[in-house]
>>> print(open('final_23.pdb').read())   # PDB, C-alpha atoms and all ligand atoms
ATOM      1  CA  MET H   1       8.290   6.795  11.049  1.00  0.00           C
ATOM      2  CA  ASP H   2      11.098   4.437  10.013  1.00  0.00           C
ATOM      3  CA  ASP H   3      10.646   1.759   7.365  1.00  0.00           C
ATOM      4  CA  ARG H   4      11.432  -1.262   9.530  1.00  0.00           C
ATOM      5  CA  PRO H   5       8.730  -3.948   9.087  1.00  0.00           C
ATOM      6  CA  VAL H   6       6.691  -5.977  11.545  1.00  0.00           C
ATOM      7  CA  LEU H   7       7.785  -9.607  11.547  1.00  0.00           C
ATOM      8  CA  VAL H   8       4.828 -11.968  12.044  1.00  0.00           C
ATOM      9  CA  THR H   9       5.775 -15.606  12.521  1.00  0.00           C
ATOM     10  CA  GLY H  10       3.377 -18.575  12.395  1.00  0.00           C
ATOM     11  CA  PHE H  11       4.217 -22.155  13.338  1.00  0.00           C
ATOM     12  CA  GLU H  12       3.686 -25.010  10.906  1.00  0.00           C
ATOM     13  CA  PRO H  13       1.223 -27.779  11.910  1.00  0.00           C
ATOM     14  CA  TYR H  14       2.394 -30.098  14.694  1.00  0.00           C
ATOM     15  CA  GLY H  15       1.139 -32.843  16.998  1.00  0.00           C
ATOM     16  CA  GLY H  16      -0.467 -34.795  14.144  1.00  0.00           C
ATOM     17  CA  ARG H  17      -2.757 -31.927  13.097  1.00  0.00           C
ATOM     18  CA  GLY H  18      -3.172 -31.052   9.429  1.00  0.00           C
ATOM     19  CA  ARG H  19      -3.475 -27.291   9.951  1.00  0.00           C
ATOM     20  CA  ASN H  20      -2.206 -24.613  12.314  1.00  0.00           C
ATOM     21  CA  PRO H  21      -4.261 -21.383  12.530  1.00  0.00           C
ATOM     22  CA  ALA H  22      -1.050 -19.529  13.436  1.00  0.00           C
ATOM     23  CA  HIS H  23       0.402 -20.358  10.028  1.00  0.00           C
ATOM     24  CA  GLU H  24      -2.782 -19.355   8.212  1.00  0.00           C
ATOM     25  CA  VAL H  25      -3.021 -16.008  10.035  1.00  0.00           C
ATOM     26  CA  MET H  26       0.625 -15.306   9.198  1.00  0.00           C
ATOM     27  CA  GLN H  27      -0.086 -16.029   5.508  1.00  0.00           C
ATOM     28  CA  ALA H  28      -3.186 -13.801   5.528  1.00  0.00           C
ATOM     29  CA  LEU H  29      -1.172 -10.866   6.890  1.00  0.00           C
ATOM     30  CA  HIS H  30       2.007 -11.288   4.823  1.00  0.00           C
ATOM     31  CA  ASP H  31       2.879  -8.186   2.783  1.00  0.00           C
ATOM     32  CA  ARG H  32      -0.034  -6.133   4.147  1.00  0.00           C
ATOM     33  CA  VAL H  33       0.659  -2.633   5.479  1.00  0.00           C
ATOM     34  CA  ILE H  34      -0.731  -2.285   9.018  1.00  0.00           C
ATOM     35  CA  GLY H  35      -0.136   0.607  11.403  1.00  0.00           C
ATOM     36  CA  GLY H  36       2.111   2.212   8.774  1.00  0.00           C
ATOM     37  CA  ARG H  37       4.485  -0.754   8.592  1.00  0.00           C
ATOM     38  CA  ARG H  38       4.843  -3.632   6.149  1.00  0.00           C
ATOM     39  CA  VAL H  39       4.200  -7.089   7.547  1.00  0.00           C
ATOM     40  CA  ALA H  40       6.820  -9.728   6.771  1.00  0.00           C
ATOM     41  CA  GLY H  41       5.192 -13.116   7.373  1.00  0.00           C
ATOM     42  CA  VAL H  42       7.450 -16.116   8.013  1.00  0.00           C
ATOM     43  CA  GLY H  43       6.536 -19.735   8.761  1.00  0.00           C
ATOM     44  CA  LEU H  44       8.466 -21.429  11.568  1.00  0.00           C
ATOM     45  CA  PRO H  45       9.357 -25.113  11.939  1.00  0.00           C
ATOM     46  CA  VAL H  46       8.295 -26.753  15.219  1.00  0.00           C
ATOM     47  CA  SER H  47      11.936 -27.451  16.083  1.00  0.00           C
ATOM     48  CA  LEU H  48      13.635 -26.654  19.383  1.00  0.00           C
ATOM     49  CA  GLY H  49      17.095 -27.163  17.895  1.00  0.00           C
ATOM     50  CA  ARG H  50      16.632 -24.703  15.025  1.00  0.00           C
ATOM     51  CA  MET H  51      14.830 -21.972  16.975  1.00  0.00           C
ATOM     52  CA  PRO H  52      17.833 -19.991  18.384  1.00  0.00           C
ATOM     53  CA  ALA H  53      19.570 -19.622  14.996  1.00  0.00           C
ATOM     54  CA  ILE H  54      16.279 -18.825  13.235  1.00  0.00           C
ATOM     55  CA  ALA H  55      15.451 -16.011  15.696  1.00  0.00           C
ATOM     56  CA  THR H  56      18.872 -14.399  15.269  1.00  0.00           C
ATOM     57  CA  ALA H  57      18.851 -14.798  11.477  1.00  0.00           C
ATOM     58  CA  LEU H  58      15.372 -13.271  11.128  1.00  0.00           C
ATOM     59  CA  LEU H  59      16.319 -10.240  13.226  1.00  0.00           C
ATOM     60  CA  ASN H  60      19.463  -9.749  11.122  1.00  0.00           C
ATOM     61  CA  ASP H  61      17.859 -10.365   7.718  1.00  0.00           C
ATOM     62  CA  ILE H  62      14.562  -8.516   8.181  1.00  0.00           C
ATOM     63  CA  ASN H  63      15.559  -6.017  10.902  1.00  0.00           C
ATOM     64  CA  PRO H  64      11.974  -5.717  12.179  1.00  0.00           C
ATOM     65  CA  ALA H  65      10.925  -3.010  14.653  1.00  0.00           C
ATOM     66  CA  ILE H  66       8.373  -5.448  16.102  1.00  0.00           C
ATOM     67  CA  VAL H  67       8.117  -9.239  16.244  1.00  0.00           C
ATOM     68  CA  ILE H  68       4.727 -10.840  16.862  1.00  0.00           C
ATOM     69  CA  SER H  69       4.889 -14.625  16.897  1.00  0.00           C
ATOM     70  CA  LEU H  70       1.778 -16.772  16.681  1.00  0.00           C
ATOM     71  CA  GLY H  71       0.981 -20.274  17.858  1.00  0.00           C
ATOM     72  CA  LEU H  72      -1.986 -22.532  18.549  1.00  0.00           C
ATOM     73  CA  TRP H  73      -3.098 -23.286  22.113  1.00  0.00           C
ATOM     74  CA  PRO H  74      -5.587 -26.153  21.754  1.00  0.00           C
ATOM     75  CA  GLY H  75      -8.537 -25.662  24.101  1.00  0.00           C
ATOM     76  CA  GLU H  76      -8.064 -21.899  24.510  1.00  0.00           C
ATOM     77  CA  SER H  77     -11.228 -19.944  23.781  1.00  0.00           C
ATOM     78  CA  LEU H  78      -9.693 -16.437  23.779  1.00  0.00           C
ATOM     79  CA  ILE H  79      -6.924 -14.537  22.043  1.00  0.00           C
ATOM     80  CA  ARG H  80      -4.134 -15.045  24.537  1.00  0.00           C
ATOM     81  CA  LEU H  81      -1.449 -12.356  24.845  1.00  0.00           C
ATOM     82  CA  GLU H  82       1.607 -13.882  26.479  1.00  0.00           C
ATOM     83  CA  ARG H  83       3.421 -11.855  29.145  1.00  0.00           C
ATOM     84  CA  ILE H  84       6.434 -14.049  29.776  1.00  0.00           C
ATOM     85  CA  ALA H  85       8.778 -16.716  28.423  1.00  0.00           C
ATOM     86  CA  VAL H  86      10.663 -19.062  30.753  1.00  0.00           C
ATOM     87  CA  ASN H  87      14.096 -20.544  30.084  1.00  0.00           C
ATOM     88  CA  ILE H  88      12.746 -24.099  30.202  1.00  0.00           C
ATOM     89  CA  ALA H  89      11.905 -26.627  27.494  1.00  0.00           C
ATOM     90  CA  ASP H  90       9.845 -29.504  28.872  1.00  0.00           C
ATOM     91  CA  PHE H  91       7.738 -31.272  26.272  1.00  0.00           C
ATOM     92  CA  GLU H  92       4.736 -33.586  26.578  1.00  0.00           C
ATOM     93  CA  ILE H  93       4.925 -34.411  22.871  1.00  0.00           C
ATOM     94  CA  ALA H  94       7.984 -34.461  20.595  1.00  0.00           C
ATOM     95  CA  ASP H  95       8.649 -31.527  18.275  1.00  0.00           C
ATOM     96  CA  ASN H  96       8.497 -32.078  14.506  1.00  0.00           C
ATOM     97  CA  GLU H  97      12.087 -33.361  14.536  1.00  0.00           C
ATOM     98  CA  GLY H  98      11.334 -36.029  17.146  1.00  0.00           C
ATOM     99  CA  VAL H  99      12.941 -34.135  20.063  1.00  0.00           C
ATOM    100  CA  LEU H 100      11.277 -34.660  23.438  1.00  0.00           C
ATOM    101  CA  ALA H 101      13.018 -32.161  25.733  1.00  0.00           C
ATOM    102  CA  VAL H 102      12.798 -32.805  29.482  1.00  0.00           C
ATOM    103  CA  ASP H 103      13.643 -30.092  32.044  1.00  0.00           C
ATOM    104  CA  GLN H 104      16.077 -28.514  29.589  1.00  0.00           C
ATOM    105  CA  GLU H 105      17.407 -24.931  29.542  1.00  0.00           C
ATOM    106  CA  ILE H 106      16.574 -23.166  26.272  1.00  0.00           C
ATOM    107  CA  ARG H 107      19.695 -20.959  26.395  1.00  0.00           C
ATOM    108  CA  SER H 108      22.355 -21.783  28.976  1.00  0.00           C
ATOM    109  CA  SER H 109      23.494 -19.041  31.379  1.00  0.00           C
ATOM    110  CA  GLU H 110      20.678 -16.710  30.322  1.00  0.00           C
ATOM    111  CA  PRO H 111      17.894 -15.346  32.610  1.00  0.00           C
ATOM    112  CA  ALA H 112      15.258 -17.680  34.073  1.00  0.00           C
ATOM    113  CA  ALA H 113      12.518 -15.655  32.362  1.00  0.00           C
ATOM    114  CA  LEU H 114      12.083 -12.747  29.960  1.00  0.00           C
ATOM    115  CA  LEU H 115       9.063 -10.470  29.681  1.00  0.00           C
ATOM    116  CA  SER H 116       7.281  -9.594  26.444  1.00  0.00           C
ATOM    117  CA  THR H 117       8.092  -6.036  25.391  1.00  0.00           C
ATOM    118  CA  LEU H 118       4.841  -5.415  23.485  1.00  0.00           C
ATOM    119  CA  PRO H 119       2.167  -2.997  24.842  1.00  0.00           C
ATOM    120  CA  LEU H 120      -0.012  -5.870  26.094  1.00  0.00           C
ATOM    121  CA  ARG H 121      -2.676  -3.838  27.925  1.00  0.00           C
ATOM    122  CA  ALA H 122      -3.218  -1.558  24.921  1.00  0.00           C
ATOM    123  CA  MET H 123      -3.432  -4.597  22.646  1.00  0.00           C
ATOM    124  CA  GLU H 124      -5.901  -6.359  24.947  1.00  0.00           C
ATOM    125  CA  ARG H 125      -8.094  -3.259  25.214  1.00  0.00           C
ATOM    126  CA  ALA H 126      -8.108  -2.630  21.455  1.00  0.00           C
ATOM    127  CA  ILE H 127      -9.004  -6.259  20.680  1.00  0.00           C
ATOM    128  CA  LEU H 128     -11.791  -6.230  23.292  1.00  0.00           C
ATOM    129  CA  ASP H 129     -13.098  -2.911  21.925  1.00  0.00           C
ATOM    130  CA  ALA H 130     -13.440  -4.641  18.538  1.00  0.00           C
ATOM    131  CA  GLY H 131     -15.684  -7.231  20.218  1.00  0.00           C
ATOM    132  CA  ILE H 132     -13.185 -10.105  20.127  1.00  0.00           C
ATOM    133  CA  PRO H 133     -12.475 -11.951  23.397  1.00  0.00           C
ATOM    134  CA  ALA H 134      -8.849 -11.626  24.555  1.00  0.00           C
ATOM    135  CA  ARG H 135      -6.806 -11.817  27.738  1.00  0.00           C
ATOM    136  CA  LEU H 136      -3.289 -11.549  29.077  1.00  0.00           C
ATOM    137  CA  SER H 137      -1.689 -14.881  29.966  1.00  0.00           C
ATOM    138  CA  ALA H 138       1.036 -15.603  32.499  1.00  0.00           C
ATOM    139  CA  THR H 139       2.300 -18.760  30.801  1.00  0.00           C
ATOM    140  CA  ALA H 140       3.133 -19.644  27.221  1.00  0.00           C
ATOM    141  CA  GLY H 141       3.751 -23.245  28.372  1.00  0.00           C
ATOM    142  CA  THR H 142       7.110 -25.023  28.083  1.00  0.00           C
ATOM    143  CA  TYR H 143       6.849 -26.209  24.465  1.00  0.00           C
ATOM    144  CA  LEU H 144       7.873 -24.498  21.222  1.00  0.00           C
ATOM    145  CA  CYS H 145       5.829 -21.308  21.578  1.00  0.00           C
ATOM    146  CA  ASN H 146       7.530 -20.479  24.861  1.00  0.00           C
ATOM    147  CA  ALA H 147      10.914 -21.336  23.285  1.00  0.00           C
ATOM    148  CA  CYS H 148      10.083 -19.069  20.338  1.00  0.00           C
ATOM    149  CA  LEU H 149       9.250 -16.088  22.550  1.00  0.00           C
ATOM    150  CA  TYR H 150      12.300 -16.725  24.756  1.00  0.00           C
ATOM    151  CA  ASN H 151      14.645 -16.925  21.766  1.00  0.00           C
ATOM    152  CA  PHE H 152      13.307 -13.774  20.109  1.00  0.00           C
ATOM    153  CA  LEU H 153      13.494 -11.798  23.371  1.00  0.00           C
ATOM    154  CA  ALA H 154      17.047 -13.059  23.998  1.00  0.00           C
ATOM    155  CA  ALA H 155      18.137 -12.356  20.410  1.00  0.00           C
ATOM    156  CA  ALA H 156      16.560  -8.881  20.596  1.00  0.00           C
ATOM    157  CA  ARG H 157      18.766  -8.044  23.581  1.00  0.00           C
ATOM    158  CA  GLN H 158      21.821  -8.628  21.376  1.00  0.00           C
ATOM    159  CA  HIS H 159      20.427  -6.884  18.284  1.00  0.00           C
ATOM    160  CA  PRO H 160      21.908  -3.448  17.476  1.00  0.00           C
ATOM    161  CA  ASP H 161      18.499  -1.774  16.941  1.00  0.00           C
ATOM    162  CA  PRO H 162      15.620  -1.836  19.440  1.00  0.00           C
ATOM    163  CA  VAL H 163      13.091  -4.559  18.629  1.00  0.00           C
ATOM    164  CA  GLU H 164       9.908  -5.226  20.607  1.00  0.00           C
ATOM    165  CA  CYS H 165       8.850  -8.870  20.783  1.00  0.00           C
ATOM    166  CA  GLY H 166       5.791 -10.768  21.915  1.00  0.00           C
ATOM    167  CA  PHE H 167       3.725 -13.886  21.411  1.00  0.00           C
ATOM    168  CA  ILE H 168       0.026 -14.466  20.791  1.00  0.00           C
ATOM    169  CA  HIS H 169      -1.582 -17.857  21.302  1.00  0.00           C
ATOM    170  CA  VAL H 170      -4.731 -18.402  19.253  1.00  0.00           C
ATOM    171  CA  PRO H 171      -7.625 -20.896  19.540  1.00  0.00           C
ATOM    172  CA  TYR H 172      -8.438 -23.648  17.089  1.00  0.00           C
ATOM    173  CA  MET H 173     -10.315 -22.512  13.973  1.00  0.00           C
ATOM    174  CA  GLN H 174     -13.956 -23.622  13.945  1.00  0.00           C
ATOM    175  CA  GLU H 175     -13.367 -26.069  11.067  1.00  0.00           C
ATOM    176  CA  GLN H 176     -10.708 -27.863  13.121  1.00  0.00           C
ATOM    177  CA  VAL H 177     -13.085 -28.490  16.008  1.00  0.00           C
ATOM    178  CA  ALA H 178     -15.808 -29.632  13.597  1.00  0.00           C
ATOM    179  CA  GLU H 179     -13.294 -32.126  12.202  1.00  0.00           C
ATOM    180  CA  LEU H 180     -12.330 -33.263  15.717  1.00  0.00           C
ATOM    181  CA  LEU H 181     -15.998 -33.930  16.451  1.00  0.00           C
ATOM    182  CA  VAL H 182     -16.363 -35.996  13.264  1.00  0.00           C
ATOM    183  CA  THR H 183     -13.296 -38.052  14.225  1.00  0.00           C
ATOM    184  CA  MET H 184     -14.630 -38.522  17.750  1.00  0.00           C
ATOM    185  CA  ARG H 185     -17.916 -39.838  16.372  1.00  0.00           C
ATOM    186  CA  GLU H 186     -16.071 -42.276  14.142  1.00  0.00           C
ATOM    187  CA  GLN H 187     -13.792 -43.497  16.929  1.00  0.00           C
ATOM    188  CA  ALA H 188     -16.607 -43.620  19.494  1.00  0.00           C
ATOM    189  CA  SER H 189     -14.095 -43.874  22.332  1.00  0.00           C
ATOM    190  CA  LEU H 190     -14.595 -40.560  24.154  1.00  0.00           C
ATOM    191  CA  GLU H 191     -17.676 -38.574  25.105  1.00  0.00           C
ATOM    192  CA  VAL H 192     -17.788 -34.877  24.175  1.00  0.00           C
ATOM    193  CA  HIS H 193     -17.825 -33.778  27.827  1.00  0.00           C
ATOM    194  CA  GLN H 194     -14.522 -35.614  28.388  1.00  0.00           C
ATOM    195  CA  ARG H 195     -12.674 -33.239  26.049  1.00  0.00           C
ATOM    196  CA  ARG H 196     -11.358 -29.847  27.101  1.00  0.00           C
ATOM    197  CA  ASP H 197     -10.004 -28.797  23.693  1.00  0.00           C
ATOM    198  CA  LEU H 198     -13.180 -27.985  21.793  1.00  0.00           C
ATOM    199  CA  ALA H 199     -13.072 -24.170  21.992  1.00  0.00           C
ATOM    200  CA  SER H 200     -12.671 -22.345  18.678  1.00  0.00           C
ATOM    201  CA  MET H 201     -12.812 -18.984  16.903  1.00  0.00           C
ATOM    202  CA  SER H 202     -13.354 -18.078  13.248  1.00  0.00           C
ATOM    203  CA  LEU H 203     -10.184 -17.556  11.227  1.00  0.00           C
ATOM    204  CA  SER H 204     -11.408 -14.084  10.222  1.00  0.00           C
ATOM    205  CA  ASP H 205     -11.789 -13.026  13.878  1.00  0.00           C
ATOM    206  CA  ILE H 206      -8.326 -14.357  14.716  1.00  0.00           C
ATOM    207  CA  VAL H 207      -6.840 -12.461  11.750  1.00  0.00           C
ATOM    208  CA  ARG H 208      -8.668  -9.287  12.810  1.00  0.00           C
ATOM    209  CA  ALA H 209      -7.416  -9.618  16.406  1.00  0.00           C
ATOM    210  CA  VAL H 210      -3.812  -9.979  15.243  1.00  0.00           C
ATOM    211  CA  GLU H 211      -4.201  -6.981  12.902  1.00  0.00           C
ATOM    212  CA  ILE H 212      -5.407  -4.928  15.873  1.00  0.00           C
ATOM    213  CA  ALA H 213      -2.490  -6.179  17.974  1.00  0.00           C
ATOM    214  CA  ILE H 214      -0.095  -5.069  15.230  1.00  0.00           C
ATOM    215  CA  GLU H 215      -1.742  -1.618  15.020  1.00  0.00           C
ATOM    216  CA  ALA H 216      -1.471  -1.145  18.803  1.00  0.00           C
ATOM    217  CA  SER H 217       2.188  -2.242  18.756  1.00  0.00           C
ATOM    218  CA  CYS H 218       3.072   0.081  15.860  1.00  0.00           C
ATOM    219  CA  HIS H 219       1.347   2.931  17.656  1.00  0.00           C
ATOM    220  CA  ALA H 220       3.400   2.329  20.818  1.00  0.00           C
ATOM    221  CA  VAL H 221       6.678   2.026  18.881  1.00  0.00           C
ATOM    222  CA  SER H 222       6.191   5.194  16.797  1.00  0.00           C
ATOM    223  CA  GLY H 223       4.980   6.997  19.935  1.00  0.00           C
ATOM    224  CA  ALA H 224       8.268   6.090  21.585  1.00  0.00           C
ATOM    225  CA  VAL H 225      10.248   7.374  18.573  1.00  0.00           C
ATOM    226  CA  THR H 226       8.572  10.806  18.418  1.00  0.00           C
ATOM    227  CA  VAL H 227       8.601  11.556  22.182  1.00  0.00           C
TER     228      VAL H 227
HETATM  229  N1  LIG F   1       1.701 -24.237  19.408  1.00  0.00           N
HETATM  230  C1  LIG F   1       2.681 -24.940  20.204  1.00  0.00           C
HETATM  231  C2  LIG F   1       3.917 -24.989  19.346  1.00  0.00           C
HETATM  232  C3  LIG F   1       3.484 -24.649  17.964  1.00  0.00           C
HETATM  233  C4  LIG F   1       2.135 -24.089  18.123  1.00  0.00           C
HETATM  234  O1  LIG F   1       1.465 -23.556  17.225  1.00  0.00           O
HETATM  235  C5  LIG F   1       2.879 -24.307  21.581  1.00  0.00           C
HETATM  236  O2  LIG F   1       1.929 -23.753  22.141  1.00  0.00           O
HETATM  237  O3  LIG F   1       3.984 -24.383  22.125  1.00  0.00           O
END
>>> encode(input="final_23.pdb", output="structure tokens", more="lines below")
Ligand code: PCA
Amino acid sequence: MDDRPVLVTGFEPYGGRGRNPAHEVMQALHDRVIGGRRVAGVGLPVSLGRMPAIATALLNDINPAIVISLGLWPGESLIRLERIAVNIADFEIADNEGVLAVDQEIRSSEPAALLSTLPLRAMERAILDAGIPARLSATAGTYLCNACLYNFLAAARQHPDPVECGFIHVPYMQEQVAELLVTMREQASLEVHQRRDLASMSLSDIVRAVEIAIEASCHAVSGAVTV
């Protein structure tokens, strides 16, 4: 076993929301030892422009064996393990720096898509065995979470040491949906059945699912080292 950590990133709030479960899960896991490796938790700005340099700097500064990035997917009811990142930024809402990318390449002259290098099936199975709903997903969208996964996978290809990277989208926390429902009542402009973004999961279940994902990833990486 080497002493390279697991980097867990969590995006800051965006889109007018006060909280992002991804950021809170990252904070809950920071400095813990999981699967024999220390977790280095880092918050990420929702900024397309800063993402490429941040990914490279974090790989150089922390030299993680594994990167698991986290983001919110409003309306998702399951833990969503992303398979793929596409080299496209196409935003429906601006990022936190006011950038509204349209049909833009994330990194010019790089592949159209890159695949997550985490052991996704093992992660899915382990999370399901713990009784938490999870699935593989074939799209991380075309907003910042996709750009995050794409940039880490691209930066990993240029990093001197092997580094396995992936992305997990998480649902809203229950408190966030409760708050949405209060706001809806006050505004009285939409009926509940008109909204598709009311799925949620408890923060403790989301944290547990990510812990299990880290354990499964560490297991696969140390397995590869000893074979
Ligand atoms: N979710 C957004 C970006 C930040 C986040 O937490 C996304 O799915 O792209």
>>> closest_residue(input="final_23.pdb", among="H:Ile132, H:Pro64, H:Val99, H:Thr142", to="ligand LIG 1 (chain F)", atoms="all atoms listed in the file")
H:Thr142
>>> atom_distance(input="final_23.pdb", atom1="atom CA of H:Val33", atom2="atom CA of H:Leu7")
11.7 Å
>>> closest_residue(input="final_23.pdb", among="H:Arg50, H:His169, H:Arg38, H:Arg208", to="ligand LIG 1 (chain F)", atoms="only C-alpha atoms and all ligand atoms")
H:His169
>>> closest_residue(input="final_23.pdb", among="H:Ile34, H:Ala53, H:Leu115, H:Val8", to="H:Arg83", atoms="all atoms listed in the file")
H:Leu115
>>> axis_aligned_box(input="final_23.pdb", around="ligand LIG 1 (chain F)", padding_each_side="5 Å", output="lines of an AutoDock Vina configuration file")
center_x = 2.7
center_y = -24.3
center_z = 19.7
size_x = 12.5
size_y = 11.4
size_z = 14.9
>>> closest_atom_pairs(input="final_23.pdb", of="chain H", to="ligand LIG 1 (chain F)", cutoff="6 Å", atoms="all atoms listed in the file", output="Markdown table")
| residue | atom | partner | partner_atom | distance |
| --- | --- | --- | --- | --- |
| H:Phe11 | CA | F:LIG1 | O1 | 5.0 |
| H:Val46 | CA | F:LIG1 | C3 | 5.9 |
| H:Gly71 | CA | F:LIG1 | O1 | 3.4 |
| H:Leu72 | CA | F:LIG1 | O1 | 3.8 |
| H:Trp73 | CA | F:LIG1 | O2 | 5.0 |
| H:Tyr143 | CA | F:LIG1 | O3 | 4.1 |
| H:Leu144 | CA | F:LIG1 | O3 | 4.0 |
| H:Cys145 | CA | F:LIG1 | O3 | 3.6 |
| H:Asn146 | CA | F:LIG1 | O3 | 5.9 |
>>> atom_distance(input="final_23.pdb", atom1="atom CA of H:Glu82", atom2="atom CA of H:Ser137")
4.9 Å
>>> resolve_selection(input="final_23.pdb", expression="the PyMOL selection byres (((chain H and resi 127) around 12) and not hetatm)", output="PDB file with C-alpha atoms, in the coordinates of the input")
ATOM      1  CA  LEU H  78      -9.693 -16.437  23.779  1.00  0.00           C
ATOM      2  CA  ILE H  79      -6.924 -14.537  22.043  1.00  0.00           C
ATOM      3  CA  ARG H  80      -4.134 -15.045  24.537  1.00  0.00           C
ATOM      4  CA  LEU H  81      -1.449 -12.356  24.845  1.00  0.00           C
ATOM      5  CA  LEU H 120      -0.012  -5.870  26.094  1.00  0.00           C
ATOM      6  CA  ARG H 121      -2.676  -3.838  27.925  1.00  0.00           C
ATOM      7  CA  ALA H 122      -3.218  -1.558  24.921  1.00  0.00           C
ATOM      8  CA  MET H 123      -3.432  -4.597  22.646  1.00  0.00           C
ATOM      9  CA  GLU H 124      -5.901  -6.359  24.947  1.00  0.00           C
ATOM     10  CA  ARG H 125      -8.094  -3.259  25.214  1.00  0.00           C
ATOM     11  CA  ALA H 126      -8.108  -2.630  21.455  1.00  0.00           C
ATOM     12  CA  LEU H 128     -11.791  -6.230  23.292  1.00  0.00           C
ATOM     13  CA  ASP H 129     -13.098  -2.911  21.925  1.00  0.00           C
ATOM     14  CA  ALA H 130     -13.440  -4.641  18.538  1.00  0.00           C
ATOM     15  CA  GLY H 131     -15.684  -7.231  20.218  1.00  0.00           C
ATOM     16  CA  ILE H 132     -13.185 -10.105  20.127  1.00  0.00           C
ATOM     17  CA  PRO H 133     -12.475 -11.951  23.397  1.00  0.00           C
ATOM     18  CA  ALA H 134      -8.849 -11.626  24.555  1.00  0.00           C
ATOM     19  CA  ARG H 135      -6.806 -11.817  27.738  1.00  0.00           C
ATOM     20  CA  LEU H 136      -3.289 -11.549  29.077  1.00  0.00           C
ATOM     21  CA  ASP H 205     -11.789 -13.026  13.878  1.00  0.00           C
ATOM     22  CA  ILE H 206      -8.326 -14.357  14.716  1.00  0.00           C
ATOM     23  CA  VAL H 207      -6.840 -12.461  11.750  1.00  0.00           C
ATOM     24  CA  ARG H 208      -8.668  -9.287  12.810  1.00  0.00           C
ATOM     25  CA  ALA H 209      -7.416  -9.618  16.406  1.00  0.00           C
ATOM     26  CA  VAL H 210      -3.812  -9.979  15.243  1.00  0.00           C
ATOM     27  CA  GLU H 211      -4.201  -6.981  12.902  1.00  0.00           C
ATOM     28  CA  ILE H 212      -5.407  -4.928  15.873  1.00  0.00           C
ATOM     29  CA  ALA H 213      -2.490  -6.179  17.974  1.00  0.00           C
ATOM     30  CA  ILE H 214      -0.095  -5.069  15.230  1.00  0.00           C
ATOM     31  CA  GLU H 215      -1.742  -1.618  15.020  1.00  0.00           C
ATOM     32  CA  ALA H 216      -1.471  -1.145  18.803  1.00  0.00           C
TER      33      ALA H 216
END
>>> closest_residue(input="final_23.pdb", among="H:Leu100, H:Pro74, H:Gly49, H:Pro119", to="H:Gly223", atoms="all atoms listed in the file")
H:Pro119
>>> resolve_selection(input="final_23.pdb", expression="the PyMOL selection byres (((chain H and resi 174-184) around 6) and not hetatm)", output="MDAnalysis selection string")
chainID H and resid 173 185:188 198 200:202
>>> resolve_selection(input="final_23.pdb", expression="the PyMOL selection byres (((chain H and resi 69) around 7) and not hetatm)", output="JSON, numbers by chain")
{"H": [8, 9, 10, 67, 68, 70, 71, 166, 167, 168]}
>>> write_last_selection(input="final_23.pdb", atoms="C-alpha atoms", output="short mmCIF file (atom, residue, chain, number, x, y, z; two decimals), keeping the file's coordinate frame")
data_model
loop_
_atom_site.label_atom_id
_atom_site.label_comp_id
_atom_site.auth_asym_id
_atom_site.auth_seq_id
_atom_site.Cartn_x
_atom_site.Cartn_y
_atom_site.Cartn_z
CA VAL H 8 4.83 -11.97 12.04
CA THR H 9 5.78 -15.61 12.52
CA GLY H 10 3.38 -18.58 12.40
CA VAL H 67 8.12 -9.24 16.24
CA ILE H 68 4.73 -10.84 16.86
CA LEU H 70 1.78 -16.77 16.68
CA GLY H 71 0.98 -20.27 17.86
CA GLY H 166 5.79 -10.77 21.92
CA PHE H 167 3.72 -13.89 21.41
CA ILE H 168 0.03 -14.47 20.79
#
>>> atom_distance(input="final_23.pdb", atom1="atom CA of H:Cys148", atom2="atom CA of H:Pro52")
8.0 Å
>>> closest_residue(input="final_23.pdb", among="H:Val221, H:Val6, H:Leu114, H:Leu203", to="H:Ala155", atoms="only C-alpha atoms")
H:Leu114
>>> closest_residue(input="final_23.pdb", among="H:Ser109, H:Ala94, H:Pro45, H:Asp103", to="H:Pro13", atoms="all atoms listed in the file")
H:Pro45
>>> residues_around(input="final_23.pdb", residues="H:Pro5", least_positions_apart="2", cutoff="8 Å", atoms="only C-alpha atoms", output="number ranges by chain")
H: 3, 7, 37-40, 62-66
>>> decode(input="final_23.pdb", residues="stretch 19-23 of chain H", atoms="N, CA, C and O atoms", output="mmCIF file, in the first residue's frame")
data_model
loop_
_atom_site.group_PDB
_atom_site.id
_atom_site.type_symbol
_atom_site.label_atom_id
_atom_site.label_comp_id
_atom_site.auth_asym_id
_atom_site.auth_seq_id
_atom_site.Cartn_x
_atom_site.Cartn_y
_atom_site.Cartn_z
ATOM 1 N N ARG H 19 -27.215 25.737 -0.466
ATOM 2 C CA ARG H 19 -26.377 24.611 -0.047
ATOM 3 C C ARG H 19 -26.132 23.684 -1.235
ATOM 4 O O ARG H 19 -26.937 23.636 -2.170
ATOM 5 N N ASN H 20 -25.025 22.942 -1.168
ATOM 6 C CA ASN H 20 -24.786 21.891 -2.153
ATOM 7 C C ASN H 20 -24.385 20.636 -1.374
ATOM 8 O O ASN H 20 -23.365 20.647 -0.670
ATOM 9 N N PRO H 21 -25.179 19.546 -1.472
ATOM 10 C CA PRO H 21 -24.839 18.337 -0.715
ATOM 11 C C PRO H 21 -23.434 17.845 -1.038
ATOM 12 O O PRO H 21 -22.752 17.291 -0.157
ATOM 13 N N ALA H 22 -22.984 18.063 -2.272
ATOM 14 C CA ALA H 22 -21.644 17.614 -2.676
ATOM 15 C C ALA H 22 -20.586 18.232 -1.771
ATOM 16 O O ALA H 22 -19.638 17.564 -1.331
ATOM 17 N N HIS H 23 -20.752 19.514 -1.467
ATOM 18 C CA HIS H 23 -19.786 20.215 -0.628
ATOM 19 C C HIS H 23 -19.843 19.678 0.792
ATOM 20 O O HIS H 23 -18.819 19.470 1.451
#
